[in-house]
Amino acid sequence: MLKPLAEKDWNYSTAAHLLNRAGFGGTPEEIKSLADLGPEKAVASLLNYETIPDPTVNPEWAKPNPEEISKYRDIIRTGTPDEKKDAQREQQQTYQRRMLELRGWWMHRMAYGPRPFQEKMVLFWHGHFATSVDKVRNPYFMWRQNDLFRRLATGNWQDILLETGKDPAMLVWLDQAQSRQAHPNENYAREVMELFALGEGHYTEKDIAEGARAYTGWSMNFETQQYMFRPRTHDDGDKTFLGHTGNFDGDDAIQIIVSQPQAARFITGKLWNYFAGQVPSSELNDALAATFRADDNNFKPFLHTLFRSQEFYSNDIIRNQVKSPLQWLIGSVRVLQCDLPPNIVSWGMTRQLGQDLFAPPNVKGWDGGVTWITTNTLLTRYNDAQSLVEGTLPPLEANDFAKKAGGGGGGKAVKAMQRVRMGGVNLDKILTPEERTDKDAIVRSLQNRLFQTTLKKDQQETLRDFLDEKTKLNDADIVTAIRLMMSTPDYQVT
Amino acid sequence: MKNEITLQTRREFLRRTVLGSALSWTVPVFLADTFSALQAQAADSATQITTGKDSTILVVLQMAGGNDGINTVVPYSNDFYHRARPNIGLKADNVLKVNDDIAFNGAMKGFKELYDGGELSVIQGVGYPNPNRSHFRSTEIWQTASDSDSVEKYGWVGRYFDNACAGSDPAVGVTIGSQLPQSFFAKHPKGVCFSNPQNYRFMANGEATQESYKKLNEVDMSGDMQADGSTNDLSGDMLNSGGSIGMLPAGMPMTGGKAVDFISRTALDAQHSSDEIRGIAARVQNQAIYPGSQLGNGLKMVAKLIGGGLPTRIYYVSQGGYDTHTNQVNTQTRLLGDLGDSMKAFVEDMKAQGNMGRVLVMTFSEFGRRVSENANGGTDHGAAAPMFIVGNKVKAGLLGKYPSLAPQDLYQGDVKYNVDFRSVYAGVLETWLKTKSAPILGKKFEPLQVV
């Protein structure tokens, strides 16, 4: 199992599959150059991103700001009721503005950044640790966790668990910061085993209680907005945890968790599902876990094996994964070489499609797969396709804009919407002048760009009929044909 | 397999019905003709025919987050109650009394009126063995009607569709919201969902674009038939991931296996239901004033669809926010007030339509909350809690027994259940939806006589 795909089986289709799954897809030219590299170099070119400079600048507020925090706290403690209300409203609006900026900042990295694979991993970790701003509130903490995921994207399993657990966003999200030895809070202790590292059935309720004792003392300093260990709240007694006994602290507990064979099975199975779009068979999961452990629980070499494996390129894997809303939007922008819509629209679209970045629905993250598709979200995808290619505004709910665009009521939101401009697709970028005069060439070229394969015969005929009905083919008709191609079940998979 | 059929493909069928608009939507033969011919099992005699005019309707209302049942149906004269809740316990002058022991939360005026009018049954102490305190797991248990130590992939509503509604209209199940709840997951997925009827359509200028869209989203059924004659079942693995099991048949182009088939079916359901739903939304007027909340708007839309005769058996609406770990009283007062007012408006609307006799509303929440309050004026995750059933044929009043709050009767600080929620489901399935409950719930539960 997990033998590398042979050089001779490497072609345009496999290269497209790699770029779609290890990144967010790309243009025919990008696929072609990956195909020319051969499988080994193609995988390496995506995975070994450290040498590629990433000039992205962080948001200016993405740093600890103790003054802002203490100023706010003083007003809440000592201000008049009116002052309090004003301060609260102002903070809420500031936070909403920053979150909108943060969502756009990340989506731009996915769409245009030089390291698409790294961003794909950041998105994996975000879905895995599923921390929501709805509880964490402070955008700086959300940015910080996102930055951590990027830094450790393909690092070591224990490092990722440990650093994420001690990061402010998680300390708030699962209440660990408030846990005291007298009544340890079990929220983090439970989820770290159930959802992050082992899965249900691989620990007991007693392990949760004992783990919770070990994690006591993990806290944060709300002034400096950093992790801090509080020895006085730590339970210093012996604990019996997953079969081991000793005076464990949180670091010990995480180390014990990661040393369980199940920890390797769990995370490698989940990564296979994320990239291949299927729950692996038991044998495959064993093989994945074995290679991960042989690589000392480091993700980079493991993922290299995954993306080189024959299994990853089998027929039931290719073009058989439902695009997540982010994959759908970012991928569309990349293949059409058009602009990512303004933040407010990109955020509104992905949110309506069921993937609100920085606000997963619950601690389990997004269910993904076919659950992305309902009659509602499917029609919304079809309509969003129109907005993207024609450059019209999507029918987003005015309330969405009012709520997250920085306060104000419906009137303000409508005004904000009036200022929004959408790019639309530029045909000069994606069709040659010769192609544009030949209806067959148009269908063929767009099909290759959007699907990297052929549509069903009757679908091709429908598109051809649509173009044939126009006596004089103008750009708007070609744009509509693109939209129609995106309004098919076939475009929703990758 | 070979009982040859009048209509070879869905495409042909579509041409004759929707595109030719020869049949109206309320005719229940929609997929029945094609599917029952293509799939032997769909000809099952258990299949229920739905007309949208006289079938009974169930509205499932989810109170997400774990509603504190003890401050909803309040044991206001119980000493254990006030001892466990010195700060958030509700006093006798703040509640709506039902008898000397029990009262509704003061915010639930709407419920009290329904109760007094004999249109509400309160099922006390509903839960299940070995309760789970995780939101996700417990919600999953309620949605799939599984035991707490086993995992089911399909939902109980989905299994009702599989067992009793094969071949029916896709709108047999309607969810107001953008995501389908897990209870709708089925072997043969059914049900449409939408949040805003105005946007629930394919938007395009020009006939040609609309026509092309329709053709591109028609599916040639002959292409995705499996060896055993079944069509695209939604397997458990796909639910988790979106992938398929098994290889593509040899010689097929790389156009995807089951994921795209599933989407094709959804596309067809969307195409069919959108015209009808928007038509009804524009045509039918509500005859009651609803709160402007998410729940109020949801029930308002359900009322329109019922009034418009959509052939739906099960509607699903939800209300969130019940996870009251801190400052519970304010939050719960607001939510229960909204719940009561929305329900009251819905009942008024149904009565004005003359449909009250056909409709039953059932509420549930994934768990109740701990008997003792916590240090933040809230309560933590607990176990059993009441369910409510509204309708003019319900067995009105208090059903079951209020769980004991005496410390020695609690299990890990939680009240013990005395009605299994699956008995309630069984009762609703048998007495209201008139179908056998055991095949749907996986085993026999004593149906609670709710009607």
# chains A, B, ... in the order shown; residues from 1 in each chain; ligands from 1
call {"tool": "interface_residues", "arguments": {"of": "chain A", "to": "chain B", "cutoff": "8 Å", "atoms": "only C-alpha atoms", "output": "PyMOL selection string"}}
result
chain A and resi 273-274+276-279+315-322+352-354+362+364+367-380+382-383+395+453-456+458-459+462-463+466+480+484+487-490+492-493
call {"tool": "residues_around", "arguments": {"residues": "segment 427-441 of chain B", "least_positions_apart": "3", "cutoff": "7 Å", "atoms": "only C-alpha atoms", "output": "ChimeraX atom specification"}}
result
/B:56,145,156,159-160,163,423-424,444,447-451
call {"tool": "write_last_selection", "arguments": {"atoms": "N, CA and C atoms", "output": "JSON list (two decimals), in the first residue's frame"}}
result
[["chain", "number", "residue", "atom", "x", "y", "z"],
["B", 56, "THR", "N", -52.05, 14.23, 7.25],
["B", 56, "THR", "CA", -51.61, 14.86, 8.49],
["B", 56, "THR", "C", -50.18, 15.37, 8.33],
["B", 145, "ALA", "N", -32.42, 8.82, 16.66],
["B", 145, "ALA", "CA", -33.16, 7.91, 17.54],
["B", 145, "ALA", "C", -32.35, 6.66, 17.87],
["B", 156, "TRP", "N", -34.12, 9.75, 11.95],
["B", 156, "TRP", "CA", -35.42, 9.07, 12.12],
["B", 156, "TRP", "C", -36.43, 9.59, 11.11],
["B", 159, "ARG", "N", -35.54, 7.91, 7.86],
["B", 159, "ARG", "CA", -35.99, 6.51, 7.80],
["B", 159, "ARG", "C", -37.50, 6.44, 7.60],
["B", 160, "TYR", "N", -38.22, 7.43, 8.11],
["B", 160, "TYR", "CA", -39.66, 7.50, 7.81],
["B", 160, "TYR", "C", -39.87, 7.69, 6.31],
["B", 163, "ASN", "N", -39.05, 4.45, 4.54],
["B", 163, "ASN", "CA", -39.99, 3.36, 4.80],
["B", 163, "ASN", "C", -41.39, 3.64, 4.28],
["B", 423, "SER", "N", -40.33, 6.65, 22.57],
["B", 423, "SER", "CA", -41.75, 6.33, 22.76],
["B", 423, "SER", "C", -42.62, 7.46, 22.24],
["B", 424, "VAL", "N", -42.11, 8.68, 22.40],
["B", 424, "VAL", "CA", -42.85, 9.83, 21.87],
["B", 424, "VAL", "C", -42.84, 9.78, 20.34],
["B", 444, "LYS", "N", -38.97, -1.96, 18.76],
["B", 444, "LYS", "CA", -40.31, -1.60, 19.23],
["B", 444, "LYS", "C", -40.22, -0.74, 20.49],
["B", 447, "PRO", "N", -45.60, 2.97, 22.04],
["B", 447, "PRO", "CA", -45.97, 4.31, 21.57],
["B", 447, "PRO", "C", -46.71, 5.08, 22.65],
["B", 448, "LEU", "N", -46.25, 6.26, 22.94],
["B", 448, "LEU", "CA", -46.97, 7.12, 23.88],
["B", 448, "LEU", "C", -48.18, 7.67, 23.15],
["B", 449, "GLN", "N", -49.34, 7.52, 23.75],
["B", 449, "GLN", "CA", -50.57, 7.97, 23.08],
["B", 449, "GLN", "C", -50.64, 9.49, 23.16],
["B", 450, "VAL", "N", -50.12, 10.14, 22.15],
["B", 450, "VAL", "CA", -50.06, 11.61, 22.19],
["B", 450, "VAL", "C", -51.29, 12.23, 21.58],
["B", 451, "VAL", "N", -52.02, 11.46, 20.75],
["B", 451, "VAL", "CA", -53.19, 12.01, 20.07],
["B", 451, "VAL", "C", -54.44, 11.31, 20.59]]
call {"tool": "closest_residue", "arguments": {"among": "B:Ser77, B:Gln412, B:Ser183, B:Ser293", "to": "Thr144 of chain B", "atoms": "only C-alpha atoms"}}
result
B:Ser183
call {"tool": "residues_around", "arguments": {"residues": "Gly165 of chain A", "least_positions_apart": "6", "cutoff": "9 Å", "atoms": "only C-alpha atoms", "output": "list in words"}}
result
Leu171, Gln176, Tyr188, Val192 and Trp218 of chain A
call {"tool": "write_last_selection", "arguments": {"atoms": "N, CA and C atoms", "output": "compact mmCIF listing (two decimals), in the first residue's frame"}}
result
# COMPACT_ATOMS: atom_id res chain seq x y z
N LEU A 171 -7.90 28.47 24.82
CA LEU A 171 -8.10 28.60 26.27
C LEU A 171 -9.45 29.22 26.58
N GLN A 176 -10.69 26.43 29.26
CA GLN A 176 -9.57 25.95 30.07
C GLN A 176 -9.02 27.08 30.95
N TYR A 188 -12.19 21.19 27.79
CA TYR A 188 -11.02 20.94 26.96
C TYR A 188 -10.55 19.49 27.10
N VAL A 192 -10.26 17.42 23.64
CA VAL A 192 -8.94 17.13 23.09
C VAL A 192 -8.83 15.65 22.75
N TRP A 218 -3.13 25.71 33.23
CA TRP A 218 -3.07 26.31 31.88
C TRP A 218 -4.05 27.46 31.88
